[in-house]
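Engineer: Pasting in a structure now, in structure tokens, and then I'll have a few things to ask.
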Amino acid sequence: MAYYPLKRPPYARLPPMSSDERNRLWGGRFGSSPAEAFERLNASIPFDARLAPYDIRGSIAHATMLGERGILAPEESREIVRGLEAVLAEVEAGEFSWTLEDEDVHTAVERRLKELVGEVALRLHTGRSRNDQVALDLHLFAREAAGEVRDGVLEAMRALVEVAESNRDLVFPGYTHLQRAQPLLLSHHLLAHFEALKRDLRRLEAAREAAGVSPLGAAALGGTPHSVDPSSTAEKLGMQPFSNSLDAVSERDFVLDLLYACAVLGVHLSRLGEEWVLWTSSEFGFATLDDAYSSGSSIMPQKKNPDAYELMRGKTGRLIGDLNAVLVTLKGLSLGYSKDLQEDKEPLFDAVDAVRPMLTVLPGMLRTARFDRERILRAAGGFALATELADFLAARGVPFREAHRAVGGLVRRCEELGVPLEEVPGEQLVAAHPVLAELPRELLTPRGSVAIKKSPGSTSPQSVEAQLGTARRFLNASS
Ligand code: ARG
């Protein structure tokens, strides 16, 4: 079933609606057929068909429970379950014939069940409503999708650690305001992204847990006079039962949780993508993507574009929009099912469909990219070392503000002389501040600058080595 959340409904276009022989679930009360225009607006089948495997699994659990509780005769329950398994096989084989005449996935499955097992199919809906049924389907989808997105994040984290491990000694310019600030180890920078993804992992795990509640047995909103056993259906599906039937059919927090987790993850991937777009530009020239992960231009032969990273930035807009769409849909709804809730599905599918391909492409892109070590090292030095001088003075008892002013003057002087800080003549150092006479020149190198850091979690080689160890242990403990 793992393949399913990635798939769009197994048809591109639905045939037009025709006869009055519709499989409507609610025809009894109505004297005439609905207008086609209304039916098209009302139908969710074009997008909820992908819930079919979850819908059928839920129905199998429900029918089994009905048999166990004596609400259906044992042979009726068996017959229905056998039929549902046949429908599931058709869906998975891509042989199920979808039609717009089925209002939604629930109607479609029941219609096919009836074609296969006859009138007994009509007993399946005992003690159940589409309200608890659709909520269950979406819980099952969200639970599986959250698990798969989580696995994708874990793989990206593995790639980050591998690249960090194989570039442990590379000193890189760290930026603030996108201006060179202080040297960092590249591995420190990559591990910063690792930390962000680690928090994403937790959010996805929480979203998966929130989706692990079965609403089945809540019926339309207030429960049912049939002696159903929600704990038993929940257990069959590996879920927890709901506590309050009205809440069970009304809440979509689990959708919000997953959408939020995807949106924040998207923001992280977008920031990482933005960096790679910069790093791979001629202006930075820090890294080159493997040809397998770049595209060219139809007009400019020299171009090699970082499209995948741009799309991580680009698609994140819709992830944020998807979360927003469901939040706005929910905010005005009184408790109990309203048809507005049908609008919960497309944003969720869209978010999962947007985020998964990003995660699929990222590990390979990270692993195959090449760094221009010399260019990076050159960019890591220069005035990015100025803070080291100020900190050196402060460590020798010079008040930091005074040290800052002295080094600022030295930077200005270097600019006037046209020399990089690493090569500043000794007399200029002393002129800036007499205590700089004691400066070990090693400190005025990118490597010296990272090596002198002492604070925990810093960019010093020892600290980064410890961070790598923790990251490795985390990955080994996560599967
Ligand atoms: N297609 C509907 C949805 O997606 C199924 C639930 C319909 N329930 C109802 N009371 N009309 O929400």
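Identifiers in the structure tokens: chain A, B, ... in order shown; residue index from 1 per chain; ligand index from 1 in order shown.
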Hey, which bits of chain A sit within 8 Å of ligand 1, and for each residue what's the closest pair of atoms and how far apart in Å (one decimal), counting only C-alpha atoms and all ligand atoms, rows by chain and increasing number, as a Markdown table?
Structural biologist:
```
| residue | atom | partner | partner_atom_place_in_ligand_line | distance |
| --- | --- | --- | --- | --- |
| A:Asn42 | CA | ligand 1 | 1 (N) | 8.0 |
| A:Ala43 | CA | ligand 1 | 1 (N) | 6.9 |
| A:Ser44 | CA | ligand 1 | 1 (N) | 5.2 |
| A:Ile45 | CA | ligand 1 | 1 (N) | 7.5 |
| A:Asp48 | CA | ligand 1 | 4 (O) | 7.1 |
| A:Glu103 | CA | ligand 1 | 1 (N) | 7.2 |
| A:Asp104 | CA | ligand 1 | 1 (N) | 5.2 |
| A:Val105 | CA | ligand 1 | 1 (N) | 7.3 |
| A:His106 | CA | ligand 1 | 5 (C) | 7.3 |
| A:Ser129 | CA | ligand 1 | 8 (N) | 7.5 |
| A:Arg130 | CA | ligand 1 | 6 (C) | 4.8 |
| A:Asn131 | CA | ligand 1 | 8 (N) | 4.9 |
| A:Gln133 | CA | ligand 1 | 6 (C) | 7.5 |
| A:Val134 | CA | ligand 1 | 5 (C) | 5.5 |
| A:Ala135 | CA | ligand 1 | 12 (O) | 7.8 |
| A:Ala220 | CA | ligand 1 | 10 (N) | 7.3 |
| A:Tyr337 | CA | ligand 1 | 10 (N) | 6.3 |
| A:Ser338 | CA | ligand 1 | 10 (N) | 7.0 |
| A:Lys339 | CA | ligand 1 | 12 (O) | 5.9 |
| A:Asp340 | CA | ligand 1 | 12 (O) | 7.5 |
| A:Leu341 | CA | ligand 1 | 12 (O) | 5.3 |
| A:Gln342 | CA | ligand 1 | 12 (O) | 3.6 |
| A:Glu343 | CA | ligand 1 | 4 (O) | 7.1 |
| A:Asp344 | CA | ligand 1 | 4 (O) | 7.7 |
| A:Lys345 | CA | ligand 1 | 4 (O) | 7.3 |
```
Engineer: List the spatial neighbours of His188 of chain A as a VMD selection string - criterion: any atom at most 10 Å away, only C-alpha atoms, same-chain residues fewer than 4 positions off excluded.
Structural biologist: chain A and resid 164 168 170 to 172 174 184 192 to 194 457 to 461 463 to 465 467 to 468
Engineer: Near Pro225 of chain A, counting only C-alpha atoms, which residues have an atom at most 12 Å away, once you skip same-chain residues fewer than 5 positions from it, shown as a VMD selection string?
Structural biologist: chain A and resid 71 126 to 128 217 to 220
Engineer: Which residues, written as a PyMOL selection string, have at least one atom at most 6 Å from segment 348-363 of chain A, with only C-alpha atoms counted and residues fewer than 5 positions away on the same chain left out?
Structural biologist: chain A and resi 152+156+159+319
Engineer: Please provide as a PyMOL selection string all residues within 12 Å of Glu148 of chain A, with the sequence filter that same-chain residues fewer than 2 positions apart are discarded (counting only C-alpha atoms).
Structural biologist: chain A and resi 1-6+141-146+150-155+201+204-205+207-208+258+262+352-353+355-357+359-360+479
Engineer: Taking the backbone alone, and naming residues the way the document does, which bits of segment 276-390 of chain A are helix (DSSP H, G or I) by DSSP, as a PyMOL selection string?
Structural biologist: chain A and resi 276-279+291-293+307-331+339-368+373-380+382-390
